[in-house]
Amino acid sequence: MVLLVSAILVLDSTEATRQDALKAFQPLKPGKQQRKLIAGGSELFLTLQTELILSQEPYVQEAIDDEATVQVTLTSTATNTVCARKVSDNTDVLMKLAGLSLGNCVAKIDDEMFVNLYPTQNSAARQEYTKASLLSSFEGVNIFSDPLTIQSRIVEKLNNPISGEGLVSTSELSVALKSALKDCLQEARALMKTSMDIAASQASSICIN
C-alpha cells in the first residue's frame, strides 16, 4: 500500500513537471504568437526557426509518453519497493539525457544556420546572430528540467525581434536544416526508445519479486 501511494504521488508530480516541457512551444503556435513583425529576410528567418522548433514537439511528447508508460507499470505491477524506486530514478535520468540529446540537435542546427548565414564568422557576428536566433533559446537549458526558461527566452525574442543583414535564409538552406534536424531527432529518439523499453521491461518483470 505504501509503495502504491508513493508511486502514484511520484507519477502525478513527474507528469505535471514533464507537461511543462510542452509549454516551451506554446508561444510559437498559430494563434498564440504575440510578437512584432519585421520586414524582409529577417521575418523569413524567424519563420524558418519557428518551424524548426515546432518540429521538436513530437520528440518531446513521445519521450513524455514513454516515461509515463514506465511509471504506470510501476504503480500497477511492481511490488519490490527498492527495485521500483531504482527504475523510477533511472527513467528520470533517461529523460534528462533525452533533453541533452535534443539540446545537442538544436545546437547543431543553430551552428549550421549561423555558418551558412554569416560568411564572416567572428564573435561580433555570432553575438548578433545569437540575439536574433530563437534556436539559441535552448542553449545551456534542458527542456525536461527547465522548460519555462526556454519559453521565456522565446517570448522575449518574439517581442523584441532583431533585424540583421545576415538573417536571410534560402529555400535550399531551409530544406537542408529541416532534414538535418529530423535525422538528428530520429537518431536520438531511437536511442531513447530502446532505453525506455528496457526500463519498462524491468518494471514489469524484475520489480515484481
# chains A, B, ... in the order shown; residues from 1 in each chain; ligands from 1

$ residues_around --residues "Met196 (chain A)" --least-positions-apart "6" --cutoff "8 Å" --atoms "only C-alpha atoms" --output "MDAnalysis selection string"
chainID A and resid 66:67 70 91 94

$ write_last_selection --atoms "C-alpha atoms" --output "PDB file, in the first residue's frame"
ATOM      1  CA  ASP A  66       7.399   6.647 -22.756  1.00  0.00           C
ATOM      2  CA  GLU A  67       8.219   7.740 -19.227  1.00  0.00           C
ATOM      3  CA  VAL A  70       7.046   3.053 -17.229  1.00  0.00           C
ATOM      4  CA  THR A  91      13.760   6.899 -16.080  1.00  0.00           C
ATOM      5  CA  LEU A  94      16.900   8.936 -19.144  1.00  0.00           C
TER       6      LEU A  94
END

$ residues_around --residues "Lys29 (chain A)" --least-positions-apart "5" --cutoff "10 Å" --atoms "only C-alpha atoms" --output "NGL selection string"
:A and (50-51 or 54)

$ write_last_selection --atoms "C-alpha atoms" --output "PDB file, in the first residue's frame"
ATOM      1  CA  THR A  50       9.747  28.668 -35.682  1.00  0.00           C
ATOM      2  CA  GLU A  51       9.185  25.661 -37.941  1.00  0.00           C
ATOM      3  CA  LEU A  54       7.919  23.196 -33.518  1.00  0.00           C
TER       4      LEU A  54
END

$ closest_residue --among "A:Ile154, A:Cys83, A:Ala63, A:Val72" --to "Lys96 (chain A)" --atoms "only C-alpha atoms"
A:Ala63

$ closest_residue --among "A:Ala190, A:Ile206, A:Leu74, A:Ala132" --to "Lys157 (chain A)" --atoms "only C-alpha atoms"
A:Ala132

$ residues_around --residues "Asn209 (chain A)" --least-positions-apart "5" --cutoff "10 Å" --atoms "only C-alpha atoms" --output "PyMOL selection string"
chain A and resi 78-81+83

$ write_last_selection --atoms "N, CA, C and O atoms" --output "PDB file, in the first residue's frame"
ATOM      1  N   ALA A  78       4.461  -3.362  -9.881  1.00  0.00           N
ATOM      2  CA  ALA A  78       5.667  -3.507  -9.059  1.00  0.00           C
ATOM      3  C   ALA A  78       5.324  -3.749  -7.593  1.00  0.00           C
ATOM      4  O   ALA A  78       4.451  -3.098  -7.028  1.00  0.00           O
ATOM      5  N   THR A  79       6.024  -4.709  -6.983  1.00  0.00           N
ATOM      6  CA  THR A  79       5.847  -4.999  -5.561  1.00  0.00           C
ATOM      7  C   THR A  79       7.144  -4.831  -4.778  1.00  0.00           C
ATOM      8  O   THR A  79       7.126  -4.818  -3.552  1.00  0.00           O
ATOM      9  N   ASN A  80       8.255  -4.736  -5.485  1.00  0.00           N
ATOM     10  CA  ASN A  80       9.558  -4.557  -4.852  1.00  0.00           C
ATOM     11  C   ASN A  80       9.847  -3.060  -4.777  1.00  0.00           C
ATOM     12  O   ASN A  80      10.158  -2.414  -5.777  1.00  0.00           O
ATOM     13  N   THR A  81       9.747  -2.511  -3.579  1.00  0.00           N
ATOM     14  CA  THR A  81       9.886  -1.062  -3.397  1.00  0.00           C
ATOM     15  C   THR A  81      11.240  -0.525  -3.848  1.00  0.00           C
ATOM     16  O   THR A  81      11.321   0.486  -4.541  1.00  0.00           O
ATOM     17  N   CYS A  83      13.420  -1.871  -5.938  1.00  0.00           N
ATOM     18  CA  CYS A  83      13.552  -2.009  -7.385  1.00  0.00           C
ATOM     19  C   CYS A  83      12.753  -0.922  -8.106  1.00  0.00           C
ATOM     20  O   CYS A  83      13.243  -0.297  -9.054  1.00  0.00           O
TER      21      CYS A  83
END

$ atom_distance --atom1 "CA of Leu100 (chain A)" --atom2 "CA of Asn142 (chain A)"
6.1 Å

$ atom_distance --atom1 "CA of Ala24 (chain A)" --atom2 "CA of Pro147 (chain A)"
5.7 Å

$ closest_residue --among "A:Met192, A:Arg85, A:Glu112, A:Tyr129" --to "Cys207 (chain A)" --atoms "only C-alpha atoms"
A:Arg85

$ residues_around --residues "Ile150 (chain A)" --least-positions-apart "5" --cutoff "9 Å" --atoms "only C-alpha atoms" --output "CSV table (one decimal) with N, CA, C and O atoms, in the first residue's frame"
chain,number,residue,atom,x,y,z
A,24,ALA,N,7.1,25.1,-23.7
A,24,ALA,CA,8.1,25.9,-24.3
A,24,ALA,C,7.7,26.2,-25.8
A,24,ALA,O,8.2,27.1,-26.4
A,25,PHE,N,6.9,25.3,-26.4
A,25,PHE,CA,6.5,25.5,-27.8
A,25,PHE,C,5.3,26.5,-27.9
A,25,PHE,O,5.0,26.9,-29.0
A,137,SER,N,17.6,30.0,-27.8
A,137,SER,CA,16.9,30.0,-26.6
A,137,SER,C,17.1,28.6,-25.8
A,137,SER,O,16.9,28.6,-24.6
A,138,PHE,N,17.5,27.6,-26.5
A,138,PHE,CA,17.7,26.3,-25.9
A,138,PHE,C,19.1,26.1,-25.3
A,138,PHE,O,19.4,25.1,-24.6
A,139,GLU,N,20.0,27.1,-25.6
A,139,GLU,CA,21.4,26.9,-25.2
A,139,GLU,C,21.6,26.8,-23.7
A,139,GLU,O,21.1,27.7,-22.9
A,141,VAL,N,20.2,24.9,-21.6
A,141,VAL,CA,19.0,24.6,-20.8
A,141,VAL,C,18.4,23.2,-21.3
A,141,VAL,O,18.3,23.0,-22.5
A,142,ASN,N,18.0,22.4,-20.3
A,142,ASN,CA,17.4,21.1,-20.6
A,142,ASN,C,15.9,21.3,-20.6
A,142,ASN,O,15.3,21.7,-19.6
A,143,ILE,N,15.2,20.9,-21.7
A,143,ILE,CA,13.8,21.2,-21.8
A,143,ILE,C,13.0,20.4,-20.8
A,143,ILE,O,11.9,20.8,-20.5
A,155,VAL,N,9.8,34.0,-25.8
A,155,VAL,CA,8.8,35.2,-25.7
A,155,VAL,C,9.6,36.5,-25.8
A,155,VAL,O,9.2,37.4,-26.5

$ closest_residue --among "A:Leu28, A:Ile208, A:Leu48, A:Ala98" --to "Thr194 (chain A)" --atoms "only C-alpha atoms"
A:Ala98

$ atom_distance --atom1 "CA of Ala68 (chain A)" --atom2 "CA of Glu187 (chain A)"
21.1 Å

$ select_by_dssp --residues "region 21-126 of chain A" --states "alpha helix (DSSP H)" --output "ChimeraX atom specification"
/A:21-23,41-54,57-77,81-117,123-126

$ closest_residue --among "A:Leu97, A:Leu158, A:Ala84, A:Ala180" --to "Asp111 (chain A)" --atoms "only C-alpha atoms"
A:Ala180

$ closest_residue --among "A:Val87, A:Leu44, A:Ile64, A:Leu134" --to "Asn160 (chain A)" --atoms "only C-alpha atoms"
A:Leu134
